[in-house]
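Here is the structure we will look at.
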Amino acid sequence: MKKFKLPMIIAIILTFGFISKSNAQKQSSGLYLTFNDYLHHKLSCTNMAIGDKIATHDFLEGSTITVTNNGTKQTFSKNELFGYRENGQDYRFQDNKAYQIVDNEGFYIYRHDKLTSQVKGPKLISTEYFSTNGNTKILLLTEQNIDLAFPANYKFRNMVQAEFKNDNALAEYDSALNKYKIKELYAESGK
């Protein structure tokens with residue numbers, strides 16, 4: 001009897017794991033209508049089938065987003081949406097641009113990719129941005145903007161000035177701790 005119970009329990013656990021995973025995969029893409037929807041992981045336009053897509057029209061910074069859902073196209077104004085989720089990544093809209101939300105602990109860090117012409121042809125350049133929370137203005141990640149965004153957190157601003165030699169260094173990632181170095185300083189400043 002004991003030999004039968006263990007395999008049965010394992011089978012039940014695996015079955016529920018696959019059911020949960022398949023439901024999560026069904027809602028892996030869709031739109032966040034509001035910041036509150038993002039906070040509660042409430043997606044709209046989620047019944048996306050194979051071949052369906054979200055077109056953000058970022059190349060020319062278009063003002064709309066087109067969702068192909070079960071063969072039907074719907075167009076939304078970017079300024080009426082908070083953002084979207086696609087391939088397990090969340091994005092937020094501001095000024096007709098989609099910013100990838102890469103970290104939201106303490107304050108938000110975003111990444112925006114832009115095609116830039118180089119000597120050897122166009123190259124995709126990533127730039128980091130931040131906001132003090134998920135529904136405040138997105139700013140370029142610079143020491144000056146950190147000073148403006150966190151005027152009351154004197155300790156954090158001083159730690160940023162002492163730690164980073166230039167604005168490019170603000171986006172340094174600590175792979176051992178799996179977080180941005182600036183986030184470590186922010187956490188330390190609150191202690």
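Every chain in the structure tokens has a letter given in the order shown (A, B, ...), and although residue numbers restart at 1 in each chain, ligands are simply numbered from 1 in the order shown.
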
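Residues of stretch 26-162 of chain A carrying a DSSP assignment of helix (DSSP H, G or I), computed from the backbone, are Lys26, Phe35, Asn36, Asp37, Tyr38, Leu39, Lys78, Asn79, Glu80, Glu143, Gln144, Asn145, Ile146, Asp147, Leu148, Ala149, Tyr154, Lys155, Phe156, Arg157, Asn158, Met159, Val160, Gln161 and Ala162 of chain A.
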
Would you list the contacts of A:His57 as a ChimeraX atom specification, taking every protein, DNA or RNA residue within 9 Å and counting only C-alpha atoms, but skipping same-chain residues closer than 6 positions in sequence? /A:63-66,96-97

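With only C-alpha atoms as the atoms that count, the minimum distance from A:Met159 to the choices A:Val102, A:Leu185, A:Ile146, A:Leu140 is reached by A:Leu185.
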
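Atom CA of A:Ile54 to atom CA of A:Glu86 spans 7.7 Å [interatomic distance, one decimal].
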
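Compared by their closest atoms to A:Ser28, and using only C-alpha atoms, the residues A:Thr72, A:Leu139, A:Asp90, A:Lys78 rank with A:Asp90 nearest.
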
Hey, could you make a per-residue contact list for stretch 64-109 of chain A against stretch 128-132 of chain A with 8 Å as the cut-off, showing the nearest pair of atoms and its distance in Å to one decimal, counting only C-alpha atoms, sorted by chain and number, as CSV?
```
residue,atom,partner,partner_atom,distance
A:Gly106,CA,A:Thr132,CA,7.9
A:Phe107,CA,A:Thr132,CA,4.8
A:Tyr108,CA,A:Ser131,CA,5.2
A:Ile109,CA,A:Phe130,CA,4.4
```

Can you tell me, as a PyMOL selection string, which residues in stretch 63-171 of chain A count as strand (DSSP E or B) by DSSP? chain A and resi 64-69+72-77+83-86+89-94+97-103+108-118+121-131+139-140

Between atom CA of A:Phe150 and atom CA of A:Ser126, what is the distance in Å, rounded to a tenth? 24.0 Å

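Going from atom CA of A:Thr34 to atom CA of A:Lys137 covers 14.8 Å.
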
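Those residues that approach stretch 36-40 of chain A to within 12 Å, counting only C-alpha atoms, are Gly30, Leu31, Tyr32, Ser44, Leu81, Phe82, Gly83, Tyr84, Arg85, Gln89, Asp90, Tyr91, Arg92, Ile101, Asn104, Asn133, Gly134 and Asn135 of chain A; same-chain residues fewer than 4 positions away are not listed.
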
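Close contacts of A:Asn153, defined as residues with an atom at most 9 Å away when counting only C-alpha atoms, with chain neighbours fewer than 4 positions off set aside, comprise Asp147, Arg157, Asn158, Ser189 and Gly190 of chain A.
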
Could the residues in this selection be written to a file with N, CA, C and O atoms, as a PDB file, in the first residue's frame?
```
ATOM      1  N   ASP A 147      19.563  62.612  -8.479  1.00  0.00           N
ATOM      2  CA  ASP A 147      19.495  63.720  -7.517  1.00  0.00           C
ATOM      3  C   ASP A 147      18.116  64.384  -7.533  1.00  0.00           C
ATOM      4  O   ASP A 147      17.558  64.708  -6.485  1.00  0.00           O
ATOM      5  N   ARG A 157      21.856  59.509  -2.526  1.00  0.00           N
ATOM      6  CA  ARG A 157      22.495  60.380  -3.515  1.00  0.00           C
ATOM      7  C   ARG A 157      24.003  60.460  -3.283  1.00  0.00           C
ATOM      8  O   ARG A 157      24.790  60.408  -4.231  1.00  0.00           O
ATOM      9  N   ASN A 158      24.418  60.548  -2.024  1.00  0.00           N
ATOM     10  CA  ASN A 158      25.855  60.583  -1.717  1.00  0.00           C
ATOM     11  C   ASN A 158      26.537  59.261  -2.060  1.00  0.00           C
ATOM     12  O   ASN A 158      27.673  59.254  -2.557  1.00  0.00           O
ATOM     13  N   SER A 189      20.829  52.444   1.629  1.00  0.00           N
ATOM     14  CA  SER A 189      20.496  53.804   2.077  1.00  0.00           C
ATOM     15  C   SER A 189      19.273  53.822   2.980  1.00  0.00           C
ATOM     16  O   SER A 189      19.097  54.745   3.764  1.00  0.00           O
ATOM     17  N   GLY A 190      18.440  52.800   2.883  1.00  0.00           N
ATOM     18  CA  GLY A 190      17.241  52.735   3.705  1.00  0.00           C
ATOM     19  C   GLY A 190      17.464  52.108   5.057  1.00  0.00           C
ATOM     20  O   GLY A 190      16.551  52.051   5.892  1.00  0.00           O
TER      21      GLY A 190
END
```
